[in-house]
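Student: Here it is, the structure in full.
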Amino acid sequence: MSGGGRAHRTYSVVVFVVLASLDNVAIGLVPPLYGSISESFGVAESAVGLVTAITFLFSAVAAVAWAYTGDRHHRKPLLMIGTLVWAAGTGGTALSGGYVTFFAAQIVAAVGLGAVASVGFSVVSDLIAPRRRGLVMSFWGLSQGIGTLAGTLVGGLLGRGDWRVPFLVLTVVGVAATVAYLFTYDVRRGQSDAELAGVVDYDYRISRDDLPTILDRRTNLWLVLQGLTAQVAFGSLVWLPVLFRERAEAQGYSDDTAIVVGSIFATLFQLGAGFSILGGLIGDRLQRRDPGGRAMVAAVGILAAVPLYLVLFFVPIRIDVPDGAGAGAVVRAVLSSVFTEPTVGLSLLTALVALALTSANSPNWFALIADVNPPEHRGTVYSLGNLTNGVGRAVGNGLAGVAFRALQGPLPPPLNYAVGLAAFQLFFVPTGLMYLRASRTSPADIATVHELLEARAERSKPATPQPTP
């Protein structure tokens, strides 16, 4: 595989995208197994949910340190170390003998996951030209969504008999991913920016003196802050498998069957995230005509999805699957119900459209961070946004559990879950409004970065020799 050739670059993008999905597989494994893990350790289900909420926060904080280091130093070794750390934490989770060791292992995994997200983003942004950033970043974001879905599905299917099995499987995959990193292309910083096409060695690195400049860039402010409210809503959605599990139990199904049903329904209902590719394409096209186009696409998508989410959680679903049957039989029964049960079909359609609209957020957010920041700032700005995302997701995930318990008195399950989830989706409203603000500030910030890189490229040119008199 030639260094830097088209095949090598394609392989590198694929590896980074796959790794972005694997870290979300690790995140998605736990929620469908809340009941099994809590029973194994003799703790409340909400206590296991608290672990998930705290690991979101730890991963986001660790990502800032990983990203800042990556913006100053060589990035490839950091990615390999981070992958090994989360694989070790995932393996420790499978071997944990009690709640405390389970908690500690999940924290270790979260620290490693922070490297994959933040440093990986910096590398991918340097591989992709600005005019295609929305499209490729849609694959980056989609891979994370697929990872969450895969984690939900794998957790529910492989973990129905023994919750430790999916964690052992993912540990092996994580070690294999580290080996795959060895053969990736070592990407030059700023390589994708047209202004730096003639620059052989872009030697600018982030320093602490750059932080005020980063924070003064208005678009960065909106891109970072929107994650706080957006992720409160998204964080609550990790309870989606529990909502459908409770619906199955309310209809008389056993715990084992209900877990599988909840995982499958939650997976099906999140397939609309696949339309993030369309959101990235539309963002790329509008951005070429209007520098505020990406942010406007994200704003419209987020705001239009809110009423659909409110409908989704209250549409009644009639579940008709063979109780106590194997996972394959339950999967087939759920899939056939999409066509035979009108309420299931309506719910799936609503979910697909809602997720398709909100998925426009992800690729355009990624691309905007790269558009409004010079290469040596991108990983750090992403990690600051990811930190805010982590806080929002932790709040959404943790408060959702509290809200469900508080609602359980007046509203028995599964209605307490439906009402709670619907209320949390209202946090998308301020998210959309912040994207509208970003659509107004991004044109000036993009122009500033363009001028900065052109000036640096000019300074890097060798001096023209003066003629000898």
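Chains: A, B, ... in order of the structure tokens. Residues: from 1 per chain. Ligands: from 1, in order shown.
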When DSSP is applied to the backbone of this structure, which of segment 89-266 of chain A are assigned helix (DSSP H, G or I)? Write them out as number ranges by chain.

Tutor: A: 89-95, 99-127, 130-158, 165-181, 194-196, 208-216, 218-250, 255-266

Student: Please determine, counting only C-alpha atoms, which residue among A:Val402, A:Ile37, A:Val331, A:Leu135 has the shortest atom-to-atom distance to Phe275 of chain A.

Tutor: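 Counting only C-alpha atoms, the residue closest to Phe275 of chain A is A:Leu135.
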
Student: Find the residue from A:Val17, A:Ala304, A:Ala400, A:Leu240 that sits nearest to Ala356 of chain A; use only C-alpha atoms when measuring.

Tutor: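 Closest to Ala356 of chain A of all the choices is A:Ala304.
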
Student: Determine, using only C-alpha atoms, which residues of segment 119-168 of chain A have any atom at most 12 Å from an atom of segment 373-387 of chain A, and tabulate each with its shortest atom pair and distance in Å to one decimal place, rows ordered by chain and then rising number, as JSON lines.

Tutor:
```
{"residue": "A:Val119", "atom": "CA", "partner": "A:Gly379", "partner_atom": "CA", "distance": 6.0}
{"residue": "A:Gly120", "atom": "CA", "partner": "A:Gly379", "partner_atom": "CA", "distance": 8.3}
{"residue": "A:Phe121", "atom": "CA", "partner": "A:Gly379", "partner_atom": "CA", "distance": 6.5}
{"residue": "A:Ser122", "atom": "CA", "partner": "A:Gly379", "partner_atom": "CA", "distance": 4.7}
{"residue": "A:Val123", "atom": "CA", "partner": "A:Gly379", "partner_atom": "CA", "distance": 8.3}
{"residue": "A:Val124", "atom": "CA", "partner": "A:Gly379", "partner_atom": "CA", "distance": 10.1}
{"residue": "A:Ser125", "atom": "CA", "partner": "A:Arg378", "partner_atom": "CA", "distance": 8.1}
{"residue": "A:Asp126", "atom": "CA", "partner": "A:Pro375", "partner_atom": "CA", "distance": 7.3}
{"residue": "A:Leu127", "atom": "CA", "partner": "A:Pro375", "partner_atom": "CA", "distance": 11.1}
{"residue": "A:Ile128", "atom": "CA", "partner": "A:Pro375", "partner_atom": "CA", "distance": 11.9}
{"residue": "A:Pro130", "atom": "CA", "partner": "A:Asn373", "partner_atom": "CA", "distance": 11.9}
```

Student: Suppose you want the space between atom CA of Thr152 of chain A and atom CA of Ile259 of chain A; what is it in Å?

Tutor: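 Here the two named atoms are 10.5 Å from each other.
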
Student: Which is closer to Gln251 of chain A than all the others in A:Val300, A:Ala394, A:Ile206, A:Val321, using only C-alpha atoms?

Tutor: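 Smallest separation from Gln251 of chain A among the options: A:Val321.
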
Student: Hey, what's within 9 Å of Ala110 of chain A if we count only C-alpha atoms and toss same-chain stuff fewer than 4 positions away? As a PDB file with all heavy atoms, in the first residue's frame, please?

Tutor:
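And here's out22.pdb as it stands now:
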```
ATOM      1  N   ASP A  23     -16.405   3.052  18.938  1.00  0.00           N
ATOM      2  CA  ASP A  23     -16.495   3.678  20.262  1.00  0.00           C
ATOM      3  C   ASP A  23     -17.947   3.892  20.660  1.00  0.00           C
ATOM      4  O   ASP A  23     -18.292   3.870  21.837  1.00  0.00           O
ATOM      5  CB  ASP A  23     -15.672   4.973  20.342  1.00  0.00           C
ATOM      6  CG  ASP A  23     -16.227   6.105  19.500  1.00  0.00           C
ATOM      7  OD1 ASP A  23     -17.142   5.875  18.710  1.00  0.00           O
ATOM      8  OD2 ASP A  23     -15.708   7.235  19.628  1.00  0.00           O
ATOM      9  N   ILE A  27     -20.459   2.472  23.807  1.00  0.00           N
ATOM     10  CA  ILE A  27     -21.423   3.286  24.548  1.00  0.00           C
ATOM     11  C   ILE A  27     -22.809   2.651  24.533  1.00  0.00           C
ATOM     12  O   ILE A  27     -23.539   2.673  25.522  1.00  0.00           O
ATOM     13  CB  ILE A  27     -21.481   4.705  23.943  1.00  0.00           C
ATOM     14  CG1 ILE A  27     -20.163   5.441  24.204  1.00  0.00           C
ATOM     15  CG2 ILE A  27     -22.646   5.508  24.518  1.00  0.00           C
ATOM     16  CD1 ILE A  27     -20.029   6.749  23.445  1.00  0.00           C
ATOM     17  N   THR A  55     -19.878   8.194  32.627  1.00  0.00           N
ATOM     18  CA  THR A  55     -18.865   7.852  31.623  1.00  0.00           C
ATOM     19  C   THR A  55     -18.938   8.786  30.422  1.00  0.00           C
ATOM     20  O   THR A  55     -17.908   9.097  29.817  1.00  0.00           O
ATOM     21  CB  THR A  55     -18.997   6.389  31.159  1.00  0.00           C
ATOM     22  OG1 THR A  55     -20.327   6.149  30.686  1.00  0.00           O
ATOM     23  CG2 THR A  55     -18.682   5.431  32.276  1.00  0.00           C
ATOM     24  N   PHE A  56     -20.138   9.240  30.059  1.00  0.00           N
ATOM     25  CA  PHE A  56     -20.245  10.246  28.997  1.00  0.00           C
ATOM     26  C   PHE A  56     -19.398  11.464  29.355  1.00  0.00           C
ATOM     27  O   PHE A  56     -18.660  12.002  28.522  1.00  0.00           O
ATOM     28  CB  PHE A  56     -21.705  10.697  28.826  1.00  0.00           C
ATOM     29  CG  PHE A  56     -22.592   9.704  28.131  1.00  0.00           C
ATOM     30  CD1 PHE A  56     -23.952   9.674  28.397  1.00  0.00           C
ATOM     31  CD2 PHE A  56     -22.084   8.807  27.204  1.00  0.00           C
ATOM     32  CE1 PHE A  56     -24.796   8.773  27.757  1.00  0.00           C
ATOM     33  CE2 PHE A  56     -22.910   7.907  26.548  1.00  0.00           C
ATOM     34  CZ  PHE A  56     -24.273   7.891  26.843  1.00  0.00           C
ATOM     35  N   LEU A  57     -19.514  11.895  30.603  1.00  0.00           N
ATOM     36  CA  LEU A  57     -18.812  13.090  31.053  1.00  0.00           C
ATOM     37  C   LEU A  57     -17.298  12.856  31.094  1.00  0.00           C
ATOM     38  O   LEU A  57     -16.511  13.694  30.637  1.00  0.00           O
ATOM     39  CB  LEU A  57     -19.324  13.501  32.430  1.00  0.00           C
ATOM     40  CG  LEU A  57     -18.800  14.809  33.002  1.00  0.00           C
ATOM     41  CD1 LEU A  57     -19.102  15.964  32.048  1.00  0.00           C
ATOM     42  CD2 LEU A  57     -19.409  15.072  34.371  1.00  0.00           C
ATOM     43  N   PHE A  58     -16.860  11.722  31.612  1.00  0.00           N
ATOM     44  CA  PHE A  58     -15.435  11.408  31.684  1.00  0.00           C
ATOM     45  C   PHE A  58     -14.814  11.359  30.287  1.00  0.00           C
ATOM     46  O   PHE A  58     -13.708  11.845  30.061  1.00  0.00           O
ATOM     47  CB  PHE A  58     -15.214  10.068  32.397  1.00  0.00           C
ATOM     48  CG  PHE A  58     -14.878  10.217  33.849  1.00  0.00           C
ATOM     49  CD1 PHE A  58     -15.878  10.391  34.792  1.00  0.00           C
ATOM     50  CD2 PHE A  58     -13.569  10.200  34.285  1.00  0.00           C
ATOM     51  CE1 PHE A  58     -15.578  10.542  36.141  1.00  0.00           C
ATOM     52  CE2 PHE A  58     -13.250  10.352  35.628  1.00  0.00           C
ATOM     53  CZ  PHE A  58     -14.261  10.514  36.561  1.00  0.00           C
ATOM     54  N   SER A  59     -15.531  10.740  29.361  1.00  0.00           N
ATOM     55  CA  SER A  59     -15.021  10.635  27.993  1.00  0.00           C
ATOM     56  C   SER A  59     -14.849  12.022  27.373  1.00  0.00           C
ATOM     57  O   SER A  59     -13.846  12.296  26.699  1.00  0.00           O
ATOM     58  CB  SER A  59     -15.985   9.804  27.143  1.00  0.00           C
ATOM     59  OG  SER A  59     -15.522   9.684  25.815  1.00  0.00           O
ATOM     60  N   ALA A  60     -15.806  12.901  27.617  1.00  0.00           N
ATOM     61  CA  ALA A  60     -15.748  14.241  27.044  1.00  0.00           C
ATOM     62  C   ALA A  60     -14.613  15.059  27.650  1.00  0.00           C
ATOM     63  O   ALA A  60     -13.921  15.802  26.943  1.00  0.00           O
ATOM     64  CB  ALA A  60     -17.083  14.944  27.261  1.00  0.00           C
ATOM     65  N   ALA A  62     -11.823  13.832  29.031  1.00  0.00           N
ATOM     66  CA  ALA A  62     -10.575  13.238  28.544  1.00  0.00           C
ATOM     67  C   ALA A  62     -10.292  13.662  27.111  1.00  0.00           C
ATOM     68  O   ALA A  62      -9.131  13.854  26.721  1.00  0.00           O
ATOM     69  CB  ALA A  62     -10.655  11.712  28.634  1.00  0.00           C
ATOM     70  N   VAL A  85      -6.653   1.618  25.331  1.00  0.00           N
ATOM     71  CA  VAL A  85      -7.203   1.948  26.652  1.00  0.00           C
ATOM     72  C   VAL A  85      -8.682   1.582  26.721  1.00  0.00           C
ATOM     73  O   VAL A  85      -9.144   0.980  27.698  1.00  0.00           O
ATOM     74  CB  VAL A  85      -6.977   3.441  26.986  1.00  0.00           C
ATOM     75  CG1 VAL A  85      -7.762   3.840  28.230  1.00  0.00           C
ATOM     76  CG2 VAL A  85      -5.491   3.715  27.197  1.00  0.00           C
ATOM     77  N   TRP A  86      -9.478   1.959  25.666  1.00  0.00           N
ATOM     78  CA  TRP A  86     -10.911   1.633  25.762  1.00  0.00           C
ATOM     79  C   TRP A  86     -11.150   0.133  25.627  1.00  0.00           C
ATOM     80  O   TRP A  86     -12.091  -0.401  26.228  1.00  0.00           O
ATOM     81  CB  TRP A  86     -11.752   2.452  24.805  1.00  0.00           C
ATOM     82  CG  TRP A  86     -11.807   2.131  23.338  1.00  0.00           C
ATOM     83  CD1 TRP A  86     -11.287   2.873  22.332  1.00  0.00           C
ATOM     84  CD2 TRP A  86     -12.479   1.029  22.696  1.00  0.00           C
ATOM     85  NE1 TRP A  86     -11.563   2.300  21.112  1.00  0.00           N
ATOM     86  CE2 TRP A  86     -12.302   1.178  21.309  1.00  0.00           C
ATOM     87  CE3 TRP A  86     -13.213  -0.057  23.173  1.00  0.00           C
ATOM     88  CZ2 TRP A  86     -12.808   0.274  20.379  1.00  0.00           C
ATOM     89  CZ3 TRP A  86     -13.725  -0.965  22.236  1.00  0.00           C
ATOM     90  CH2 TRP A  86     -13.520  -0.799  20.866  1.00  0.00           C
ATOM     91  N   GLY A  89     -10.609  -1.200  29.085  1.00  0.00           N
ATOM     92  CA  GLY A  89     -11.755  -0.900  29.945  1.00  0.00           C
ATOM     93  C   GLY A  89     -12.960  -1.770  29.635  1.00  0.00           C
ATOM     94  O   GLY A  89     -13.681  -2.201  30.547  1.00  0.00           O
ATOM     95  N   ALA A 105     -14.132   0.143  35.525  1.00  0.00           N
ATOM     96  CA  ALA A 105     -13.789  -0.314  34.178  1.00  0.00           C
ATOM     97  C   ALA A 105     -14.439   0.553  33.112  1.00  0.00           C
ATOM     98  O   ALA A 105     -13.828   0.862  32.083  1.00  0.00           O
ATOM     99  CB  ALA A 105     -14.211  -1.774  34.000  1.00  0.00           C
ATOM    100  N   GLN A 106     -15.671   0.967  33.345  1.00  0.00           N
ATOM    101  CA  GLN A 106     -16.354   1.836  32.394  1.00  0.00           C
ATOM    102  C   GLN A 106     -15.675   3.210  32.305  1.00  0.00           C
ATOM    103  O   GLN A 106     -15.609   3.804  31.225  1.00  0.00           O
ATOM    104  CB  GLN A 106     -17.816   2.013  32.809  1.00  0.00           C
ATOM    105  CG  GLN A 106     -18.696   0.803  32.503  1.00  0.00           C
ATOM    106  CD  GLN A 106     -19.023   0.723  31.020  1.00  0.00           C
ATOM    107  OE1 GLN A 106     -19.824   1.485  30.504  1.00  0.00           O
ATOM    108  NE2 GLN A 106     -18.379  -0.207  30.329  1.00  0.00           N
ATOM    109  N   GLY A 114     -12.291   8.931  24.475  1.00  0.00           N
ATOM    110  CA  GLY A 114     -12.090  10.351  24.211  1.00  0.00           C
ATOM    111  C   GLY A 114     -11.051  10.610  23.143  1.00  0.00           C
ATOM    112  O   GLY A 114     -11.153  11.575  22.376  1.00  0.00           O
TER     113      GLY A 114
END
```

Student: Leaving out Ala233 of chain A and any residue of its chain fewer than 4 positions from it, which residues lie within 12 Å of it when counting only C-alpha atoms, given as an NGL selection string?

Tutor: :A and (226-229 or 237-240 or 302 or 305-306 or 309-310 or 358 or 389-400 or 420-431)

Student: Write a file of the selected residues as a compact mmCIF listing (two decimals), in the first residue's frame, keeping N, CA, C and O atoms.

Tutor:
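The resulting file, again15.txt, is reproduced below:
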```txt
# COMPACT_ATOMS: atom_id res chain seq x y z
N GLN A 226 -24.65 24.74 21.48
CA GLN A 226 -25.83 24.01 21.02
C GLN A 226 -25.81 22.55 21.48
O GLN A 226 -26.85 21.94 21.68
N GLY A 227 -24.60 22.03 21.69
CA GLY A 227 -24.51 20.64 22.12
C GLY A 227 -25.06 20.40 23.50
O GLY A 227 -25.49 19.28 23.82
N LEU A 228 -25.06 21.44 24.34
CA LEU A 228 -25.56 21.26 25.70
C LEU A 228 -27.04 20.88 25.69
O LEU A 228 -27.45 19.90 26.32
N THR A 229 -27.84 21.63 24.94
CA THR A 229 -29.27 21.33 24.91
C THR A 229 -29.59 20.15 23.98
O THR A 229 -30.46 19.34 24.28
N LEU A 237 -32.55 9.64 24.90
CA LEU A 237 -32.97 8.60 23.96
C LEU A 237 -32.29 7.26 24.18
O LEU A 237 -32.71 6.26 23.60
N VAL A 238 -31.23 7.24 25.02
CA VAL A 238 -30.63 5.93 25.32
C VAL A 238 -31.62 5.07 26.12
O VAL A 238 -31.42 3.85 26.25
N TRP A 239 -32.67 5.70 26.65
CA TRP A 239 -33.71 4.95 27.37
C TRP A 239 -34.78 4.40 26.43
O TRP A 239 -35.74 3.78 26.90
N LEU A 240 -34.63 4.63 25.14
CA LEU A 240 -35.63 4.16 24.19
C LEU A 240 -35.84 2.64 24.26
O LEU A 240 -36.98 2.16 24.23
N ILE A 302 -33.42 20.35 12.92
CA ILE A 302 -33.66 20.16 14.36
C ILE A 302 -35.06 20.64 14.75
O ILE A 302 -35.82 19.93 15.44
N ALA A 305 -38.09 18.51 13.55
CA ALA A 305 -38.22 17.16 14.10
C ALA A 305 -38.97 17.10 15.42
O ALA A 305 -39.51 16.05 15.78
N VAL A 306 -39.00 18.22 16.16
CA VAL A 306 -39.56 18.20 17.52
C VAL A 306 -40.99 17.66 17.57
O VAL A 306 -41.28 16.75 18.36
N TYR A 309 -41.14 13.82 17.21
CA TYR A 309 -40.75 13.07 18.40
C TYR A 309 -41.90 13.00 19.40
O TYR A 309 -42.12 11.96 20.05
N LEU A 310 -42.61 14.10 19.54
CA LEU A 310 -43.72 14.12 20.50
C LEU A 310 -44.80 13.11 20.10
O LEU A 310 -45.43 12.49 20.97
N THR A 358 -33.21 15.36 12.32
CA THR A 358 -32.19 15.70 13.32
C THR A 358 -30.79 15.27 12.89
O THR A 358 -29.80 15.85 13.34
N ASN A 389 -21.17 18.48 24.72
CA ASN A 389 -22.06 17.37 24.36
C ASN A 389 -22.12 16.34 25.48
O ASN A 389 -23.19 15.81 25.81
N GLY A 390 -20.94 16.04 26.04
CA GLY A 390 -20.90 15.03 27.10
C GLY A 390 -21.65 15.46 28.34
O GLY A 390 -22.34 14.65 28.97
N VAL A 391 -21.51 16.75 28.70
CA VAL A 391 -22.27 17.26 29.84
C VAL A 391 -23.77 17.16 29.56
O VAL A 391 -24.55 16.69 30.39
N GLY A 392 -24.17 17.59 28.35
CA GLY A 392 -25.58 17.52 28.00
C GLY A 392 -26.11 16.10 27.97
O GLY A 392 -27.21 15.82 28.47
N ARG A 393 -25.30 15.19 27.41
CA ARG A 393 -25.75 13.80 27.33
C ARG A 393 -25.83 13.18 28.72
O ARG A 393 -26.75 12.42 29.02
N ALA A 394 -24.85 13.50 29.57
CA ALA A 394 -24.88 12.97 30.94
C ALA A 394 -26.10 13.50 31.69
O ALA A 394 -26.79 12.74 32.39
N VAL A 395 -26.39 14.80 31.52
CA VAL A 395 -27.57 15.38 32.17
C VAL A 395 -28.84 14.72 31.64
O VAL A 395 -29.73 14.33 32.41
N GLY A 396 -28.93 14.60 30.31
CA GLY A 396 -30.12 13.99 29.72
C GLY A 396 -30.32 12.56 30.15
O GLY A 396 -31.42 12.15 30.52
N ASN A 397 -29.21 11.79 30.14
CA ASN A 397 -29.31 10.39 30.53
C ASN A 397 -29.63 10.24 32.00
O ASN A 397 -30.48 9.43 32.40
N GLY A 398 -28.93 11.02 32.86
CA GLY A 398 -29.15 10.91 34.30
C GLY A 398 -30.49 11.44 34.75
O GLY A 398 -31.21 10.78 35.52
N LEU A 399 -30.87 12.64 34.26
CA LEU A 399 -32.14 13.22 34.68
C LEU A 399 -33.33 12.44 34.14
O LEU A 399 -34.40 12.45 34.75
N ALA A 400 -33.14 11.81 32.98
CA ALA A 400 -34.25 11.02 32.44
C ALA A 400 -34.65 9.92 33.42
O ALA A 400 -35.84 9.69 33.67
N GLY A 420 -41.96 11.25 29.85
CA GLY A 420 -40.62 11.77 30.16
C GLY A 420 -39.79 11.99 28.90
O GLY A 420 -39.17 13.05 28.73
N LEU A 421 -39.77 11.01 28.00
CA LEU A 421 -38.99 11.15 26.77
C LEU A 421 -39.51 12.31 25.92
O LEU A 421 -38.73 13.07 25.33
N ALA A 422 -40.82 12.45 25.82
CA ALA A 422 -41.40 13.54 25.04
C ALA A 422 -40.98 14.90 25.60
O ALA A 422 -40.63 15.82 24.85
N ALA A 423 -40.98 15.04 26.92
CA ALA A 423 -40.61 16.31 27.54
C ALA A 423 -39.15 16.66 27.24
O ALA A 423 -38.82 17.84 26.98
N PHE A 424 -38.27 15.67 27.23
CA PHE A 424 -36.85 15.94 27.00
C PHE A 424 -36.57 16.38 25.57
O PHE A 424 -35.56 17.04 25.31
N GLN A 425 -37.43 16.04 24.62
CA GLN A 425 -37.19 16.45 23.24
C GLN A 425 -37.38 17.95 23.03
O GLN A 425 -36.94 18.50 22.02
N LEU A 426 -38.04 18.62 23.97
CA LEU A 426 -38.21 20.08 23.86
C LEU A 426 -36.88 20.82 23.96
O LEU A 426 -36.78 21.99 23.58
N PHE A 427 -35.84 20.15 24.45
CA PHE A 427 -34.52 20.78 24.50
C PHE A 427 -33.94 21.00 23.11
O PHE A 427 -32.95 21.74 22.95
N PHE A 428 -34.53 20.38 22.09
CA PHE A 428 -34.07 20.63 20.72
C PHE A 428 -34.39 22.06 20.25
O PHE A 428 -33.76 22.57 19.33
N VAL A 429 -35.38 22.70 20.86
CA VAL A 429 -35.79 24.04 20.41
C VAL A 429 -34.66 25.06 20.55
O VAL A 429 -34.30 25.74 19.57
N PRO A 430 -34.04 25.22 21.74
CA PRO A 430 -32.92 26.17 21.81
C PRO A 430 -31.74 25.76 20.93
O PRO A 430 -30.99 26.63 20.47
N THR A 431 -31.57 24.46 20.68
CA THR A 431 -30.51 24.00 19.78
C THR A 431 -30.71 24.59 18.38
O THR A 431 -29.78 25.13 17.77
```

Student: If you count only C-alpha atoms, which residues fall within 9 Å of Asp371 of chain A, apart from same-chain ones fewer than 6 positions away, as JSON, numbers by chain?

Tutor: {"A": [130, 133, 442, 445, 446, 449, 450]}

Student: Which residue gives the smallest distance to Asp203 of chain A among A:Ala351, A:Pro32, A:Gly161, A:His73, with only C-alpha atoms counted?

Tutor: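 For Asp203 of chain A, the nearest of the given residues is A:His73.
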
Student: Show me, as a PyMOL selection string, the residues that have an atom within 9 Å of Phe16 of chain A when counting only C-alpha atoms, minus same-chain residues fewer than 2 positions from it.

Tutor: chain A and resi 11-14+18-21+116+120-121+123-124+140+181+184

Student: Keeping only all heavy atoms, take the residues you just selected and write them out as a compact mmCIF listing (two decimals), in the first residue's frame.

Tutor:
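The resulting file, part-v5.txt, is reproduced below:
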```
# COMPACT_ATOMS: atom_id res chain seq x y z
N TYR A 11 -8.22 3.73 2.47
CA TYR A 11 -8.12 2.78 3.59
C TYR A 11 -8.11 3.53 4.92
O TYR A 11 -8.79 3.14 5.88
CB TYR A 11 -6.84 1.96 3.45
CG TYR A 11 -6.46 1.16 4.68
CD1 TYR A 11 -7.08 -0.06 4.96
CD2 TYR A 11 -5.51 1.64 5.57
CE1 TYR A 11 -6.73 -0.78 6.10
CE2 TYR A 11 -5.17 0.94 6.71
CZ TYR A 11 -5.78 -0.28 6.98
OH TYR A 11 -5.44 -0.98 8.10
N SER A 12 -7.35 4.63 4.98
CA SER A 12 -7.24 5.39 6.22
C SER A 12 -8.58 5.98 6.63
O SER A 12 -8.96 5.91 7.81
CB SER A 12 -6.20 6.50 6.06
OG SER A 12 -4.94 5.96 5.73
N VAL A 13 -9.31 6.55 5.66
CA VAL A 13 -10.63 7.11 5.98
C VAL A 13 -11.56 6.01 6.49
O VAL A 13 -12.29 6.19 7.48
CB VAL A 13 -11.25 7.79 4.73
CG1 VAL A 13 -12.70 8.16 5.00
CG2 VAL A 13 -10.46 9.04 4.37
N VAL A 14 -11.53 4.84 5.84
CA VAL A 14 -12.39 3.73 6.26
C VAL A 14 -12.06 3.31 7.69
O VAL A 14 -12.96 3.09 8.51
CB VAL A 14 -12.24 2.54 5.29
CG1 VAL A 14 -12.94 1.30 5.85
CG2 VAL A 14 -12.82 2.89 3.92
N VAL A 18 -14.66 3.50 10.76
CA VAL A 18 -15.03 2.27 11.49
C VAL A 18 -14.73 2.44 12.98
O VAL A 18 -15.53 2.04 13.84
CB VAL A 18 -14.28 1.06 10.92
CG1 VAL A 18 -14.44 -0.16 11.83
CG2 VAL A 18 -14.79 0.72 9.52
N LEU A 19 -13.57 3.03 13.28
CA LEU A 19 -13.23 3.23 14.70
C LEU A 19 -14.20 4.19 15.38
O LEU A 19 -14.52 4.03 16.56
CB LEU A 19 -11.80 3.74 14.82
CG LEU A 19 -10.76 2.65 15.13
CD1 LEU A 19 -11.00 2.06 16.51
CD2 LEU A 19 -10.78 1.54 14.08
N ALA A 20 -14.68 5.19 14.63
CA ALA A 20 -15.66 6.11 15.20
C ALA A 20 -16.94 5.36 15.54
O ALA A 20 -17.65 5.72 16.48
CB ALA A 20 -15.96 7.24 14.21
N SER A 21 -17.26 4.32 14.77
CA SER A 21 -18.45 3.53 15.07
C SER A 21 -18.23 2.63 16.26
O SER A 21 -19.12 2.45 17.09
CB SER A 21 -18.87 2.71 13.85
OG SER A 21 -17.97 1.65 13.62
N VAL A 116 -10.31 8.54 20.52
CA VAL A 116 -10.82 8.14 19.21
C VAL A 116 -11.67 9.24 18.61
O VAL A 116 -11.56 9.56 17.42
CB VAL A 116 -11.63 6.83 19.33
CG1 VAL A 116 -12.22 6.44 17.98
CG2 VAL A 116 -10.76 5.71 19.87
N GLY A 120 -9.27 11.59 16.22
CA GLY A 120 -9.74 11.05 14.94
C GLY A 120 -10.40 12.12 14.09
O GLY A 120 -10.19 12.17 12.87
N PHE A 121 -11.20 12.99 14.70
CA PHE A 121 -11.83 14.08 13.96
C PHE A 121 -10.79 14.99 13.32
O PHE A 121 -10.91 15.39 12.15
CB PHE A 121 -12.74 14.90 14.87
CG PHE A 121 -13.23 16.17 14.24
CD1 PHE A 121 -14.32 16.14 13.38
CD2 PHE A 121 -12.58 17.38 14.47
CE1 PHE A 121 -14.77 17.31 12.76
CE2 PHE A 121 -13.03 18.55 13.87
CZ PHE A 121 -14.12 18.51 13.01
N VAL A 123 -7.78 14.32 12.37
CA VAL A 123 -7.14 13.64 11.24
C VAL A 123 -8.05 13.61 10.02
O VAL A 123 -7.64 13.94 8.90
CB VAL A 123 -6.73 12.21 11.64
CG1 VAL A 123 -6.20 11.44 10.42
CG2 VAL A 123 -5.67 12.24 12.73
N VAL A 124 -9.31 13.23 10.22
CA VAL A 124 -10.24 13.12 9.10
C VAL A 124 -10.47 14.49 8.46
O VAL A 124 -10.56 14.60 7.23
CB VAL A 124 -11.58 12.50 9.57
CG1 VAL A 124 -12.63 12.58 8.46
CG2 VAL A 124 -11.38 11.05 9.96
N TRP A 140 -18.82 9.94 8.79
CA TRP A 140 -18.21 9.95 10.13
C TRP A 140 -19.31 9.94 11.20
O TRP A 140 -19.30 9.11 12.12
CB TRP A 140 -17.33 11.19 10.26
CG TRP A 140 -16.75 11.44 11.61
CD1 TRP A 140 -17.24 12.24 12.60
CD2 TRP A 140 -15.53 10.89 12.13
NE1 TRP A 140 -16.42 12.23 13.69
CE2 TRP A 140 -15.36 11.42 13.43
CE3 TRP A 140 -14.56 10.03 11.63
CZ2 TRP A 140 -14.27 11.10 14.23
CZ3 TRP A 140 -13.46 9.71 12.42
CH2 TRP A 140 -13.33 10.24 13.70
N TYR A 181 -4.75 0.36 12.74
CA TYR A 181 -4.17 1.71 12.78
C TYR A 181 -2.73 1.74 12.27
O TYR A 181 -2.27 2.75 11.72
CB TYR A 181 -4.16 2.22 14.22
CG TYR A 181 -5.36 3.03 14.63
CD1 TYR A 181 -5.92 2.86 15.89
CD2 TYR A 181 -5.92 3.97 13.79
CE1 TYR A 181 -7.01 3.60 16.29
CE2 TYR A 181 -7.02 4.71 14.18
CZ TYR A 181 -7.56 4.53 15.43
OH TYR A 181 -8.63 5.26 15.83
N THR A 184 -2.43 2.86 8.61
CA THR A 184 -3.10 4.05 8.09
C THR A 184 -2.09 5.09 7.64
O THR A 184 -0.93 5.11 8.07
CB THR A 184 -4.03 4.68 9.15
OG1 THR A 184 -3.26 4.99 10.33
CG2 THR A 184 -5.15 3.73 9.51
```

Student: Do you know which residues are at most 7 Å from Tyr435 of chain A counting only C-alpha atoms, after dropping those on the same chain fewer than 5 positions away, and could you put them as a PyMOL selection string?

Tutor: chain A and resi 222+295-296+298-299

Student: Distance atom CA of Ala258 of chain A-atom CA of Ala230 of chain A, one decimal place?

Tutor: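 Between atom CA of Ala258 of chain A and atom CA of Ala230 of chain A the gap is 29.1 Å.
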
Student: What is the distance, in Å and to one decimal place, between atom CA of Arg205 of chain A and atom CA of Asp71 of chain A?

Tutor: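 Atom CA of Asp71 of chain A lies at a distance of 6.3 Å from atom CA of Arg205 of chain A.
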